[in-house]
Amino acid sequence: MSEAVLKVFRGGPEGGEAVEYRVPIAPGMVVLDALHYVQGHQAPDLAVRWNCKAGKCGSCSAEVNGRPRLTCKTRLDSLPLDQPITIVPLKAFPVVKDLVTDVSWNYRVNKKIPPFSPRPGVEWKMYQEDIDRVQEFRKCIECFLCQNVCHVLRDHGMKEQFGGPRFFVRVAGLEMHPLDGLSRTGLLKDELGLGLCNITKCCTEVCPEDIHITDNAIIPLKERVVDDFYDPLTRLWRKVFKSG
Amino acid sequence: MTEKYETHEHDVLVIGAGGAGLRAAIEALAQGASVGVVCKSLLGKAHTVMAEGGIAAALGNVDTEDNWRVHFRDTMVGGKLLNNWRMAQLHAQESSDRVKELEQWGALFDRTKGGDILQRAFGGHTFKRLCHVGDRTGLEMIRTLQDRGVQQGIDVYMECAVTRLLTDGGRVTGAFGYWRENGRFVLFKAKSIIIATGGIGKAWQITSNSWEYTGDGMALAYDAGADLIDMEFVQFHPTGMIWPPGVQGILVTEAVRGEGGTLTNKDGERFMKRYDPEKMELSTRDVVARAIYTEVKEGRGTEHGGAYLDISQKPADYVIRKLPSMYHQFKDLADVDITKGPMEVGPTCHYMMGGIRVDAETAESTLPGLFAAGEAAAGLHGANRLGGNSLSDLLVFGRRAGLAAAQTAKRASAPPPDPAQIEEASRELLEPFERSGGESPYAVHRDLQEKMQRLVGIFRVEEDLRQALTEIAALRQRLARVHVDGSRLFNPGWHLARDLKSMLTVTEAVTRSALTRQESRGAHSRIDYPKTDPAWGKKNNVISRDRDAMKLAQFAVPEMPAELEALLEKPS
């Protein structure tokens, strides 16, 4: 049976090293299977997050050969196996241990977002064509790969000023909900720093759920912020419309 | 002397952050209780996120003749009448309100043309009843509950594992455990505790369940003195992926069949006509799983030992719209385009009907102050659960547990936790580090999975079950000698060593119950007792702890009132 060579980051916040493991290859094997093999046979203390192993929970994110991926959906046969596969933790978040990073910042950002707030007295009828675009945003599995590649977070570490693509997607899902009565453009502008995004689409490229983050969420939200804060006429009109 | 640990105090402590735990927390909070939620994974990653096909509620949006009475009957008939009738009644009556409530909290279900929640067909349900979002209903549900709970103010302790319930004078006083990240110990004082930890599937080799599903909650409750019931009823979902090997067991939603998918054997025969000619592919899960197993065993299986499941007769854009994650799952992981050809599928360990014995109205266990909801609790599903009845179970009984736990907390004053129990729990956790030279917990886990798969699977026989008990006892000996390498910082081997203890408790309970029930009913099929025995139809198995021994007894299935009995007879 042929083998794959894995070079896995082992270490913690103070640093670490790439450790090599040899893993027998089985048909259809994914990187997470290989990591489980290492845990089961060579390094029982290798720290890896995972849950569903089917691309539904977004737990097993890591950088494989330099690309941010869900390890449960990255097949070994899609990688060049004549060289070692390097697996390192997400760069934009502090390392806890090995491939596990501290993603708690994301949960703190999420808390800032006012929840779904139905307009008073709405009739609970919605049509598929009106919710299609919101359902796209709600496919998000919170793997945080988009957060990891966003240069505002990854290269500039602006976590205090910026919410990141994941939370623009979440806000878009609320803002475009046909029955929601709240405006979150002030939050987007001031607390989530939407203006810092310069639409390089890195987030869209890595999204395992194929959410068109930039085109369908971020750009329309930017337009709403412009309308609300920089165009007095539209602002007035929206205010009247929303409160009606 | 126990090392220092941090302490948190809540009126209500919820263990588990899937649908049941979150719904319970939201309700307890609404009652004015302070609520803590402890979960082994990150928030939003619990098993609920993997639920696909839908949530059963008799809204009657598509089939207008549907109502709670028919849902009640379907649930009871599907459970082979071993269900707790009162739970089945409450579930059928309340699930519609719980679904509407989710919508009011922001969930976006697929719609009918008239703008209502769309419902699809599913196995064992007389009418189109499953509210859904494509094939990612669980994600929609957990995200909605998570956002609601966080906004309402629950305190969430993520990546934290409870290893011991603390008791005093026959009631719970708190829980003890460790932080997965740094390995430090933590004590939770609470007046009420709700177990919502889900199932036990990780004790089998081929399973749709994640690493979390190790039966912790059931084992914690058992250790603390609560009863477990119906432990012989383990659901094997008929359709898991079987090829390639790495994906074995991953769930293929029943919605494929709900949307019109057909099952065939290698000869192209729609074999379900020999097992359930009336319902065919939409028969109950126990029947379909046995059918596929039998086809393979008798030589009519597919290349990789399963059945073909085909939805490619439907238009490709319809399949991609209604079953998007199935489409991607097969394309990415198995190189199969399900809009063009069939999937290969076979049974996978999926769900636990048995669990903690609870009161139907309050979800309280037999141990005062301890509640249970969702998969960790038992009674609603009887001998076999219908697809879609799990998500509704989480909401209906999660809410009831939260309500009753908060009310109990108002009345109760919990005594301070017993230091001796904390000392013992702490010592137990550290032991695997102190031993030298023992084997890895992963080796013990692999062997447990292999034994359970082979000896306590879909079809059971006395000889195998007796052997399984011997094997479980031997594995317990091996577990007492396992050694854990490395530090206490995020150490999965250490975590598994503790989880194995829970798995051995619940697998012993499953095996003992299965051995005792000398009949076949629902998900429990005995080769040596292939018939359903009316005498066993009046009894539930109950497991409890008698010092260090597991005690098994039976109690009478609660008798149904005449007006509900009548509902079982006639199609209404």
# chains A, B, ... in the order shown; residues from 1 in each chain; ligands from 1
>>> closest_atom_pairs(of="chain B", to="chain A", cutoff="6 Å", atoms="only C-alpha atoms", output="JSON lines")
{"residue": "B:Lys45", "atom": "CA", "partner": "A:Cys57", "partner_atom": "CA", "distance": 5.4}
{"residue": "B:Gly106", "atom": "CA", "partner": "A:Phe116", "partner_atom": "CA", "distance": 5.6}
{"residue": "B:Arg111", "atom": "CA", "partner": "A:Gln128", "partner_atom": "CA", "distance": 5.3}
{"residue": "B:Gly115", "atom": "CA", "partner": "A:Tyr127", "partner_atom": "CA", "distance": 4.6}
{"residue": "B:Asp116", "atom": "CA", "partner": "A:Lys125", "partner_atom": "CA", "distance": 5.7}
{"residue": "B:Ser210", "atom": "CA", "partner": "A:Asn51", "partner_atom": "CA", "distance": 5.0}
{"residue": "B:Pro244", "atom": "CA", "partner": "A:Gly28", "partner_atom": "CA", "distance": 5.2}
{"residue": "B:Gly246", "atom": "CA", "partner": "A:Met29", "partner_atom": "CA", "distance": 5.3}
{"residue": "B:Tyr442", "atom": "CA", "partner": "A:Gly40", "partner_atom": "CA", "distance": 5.3}
{"residue": "B:Phe490", "atom": "CA", "partner": "A:Ala47", "partner_atom": "CA", "distance": 5.9}
{"residue": "B:Asn491", "atom": "CA", "partner": "A:Asp45", "partner_atom": "CA", "distance": 4.6}
{"residue": "B:Pro492", "atom": "CA", "partner": "A:Asp45", "partner_atom": "CA", "distance": 5.5}
{"residue": "B:Gly493", "atom": "CA", "partner": "A:Pro44", "partner_atom": "CA", "distance": 4.7}
>>> select_by_dssp(residues="stretch 92-227 of chain A", states="helix (DSSP H, G or I)", output="PyMOL selection string")
chain A and resi 104-111+128-137+145-149+151-154+165-175+185-190+194-196+202-206+213-227
>>> select_by_dssp(residues="stretch 134-301 of chain B", states="strand (DSSP E or B)", output="ChimeraX atom specification")
/B:155-157,160-168,171-179,185-195,207,228-229,234-241,251,262-264
>>> residues_around(residues="A:Glu205", least_positions_apart="2", cutoff="12 Å", atoms="only C-alpha atoms", output="NGL selection string")
:A and (67-69 or 145-150 or 165 or 199-203 or 207-215)
>>> residues_around(residues="A:Gln161", least_positions_apart="5", cutoff="8 Å", atoms="only C-alpha atoms", output="list of chain:residue names")
A:Glu191, A:Leu192, A:Gly193
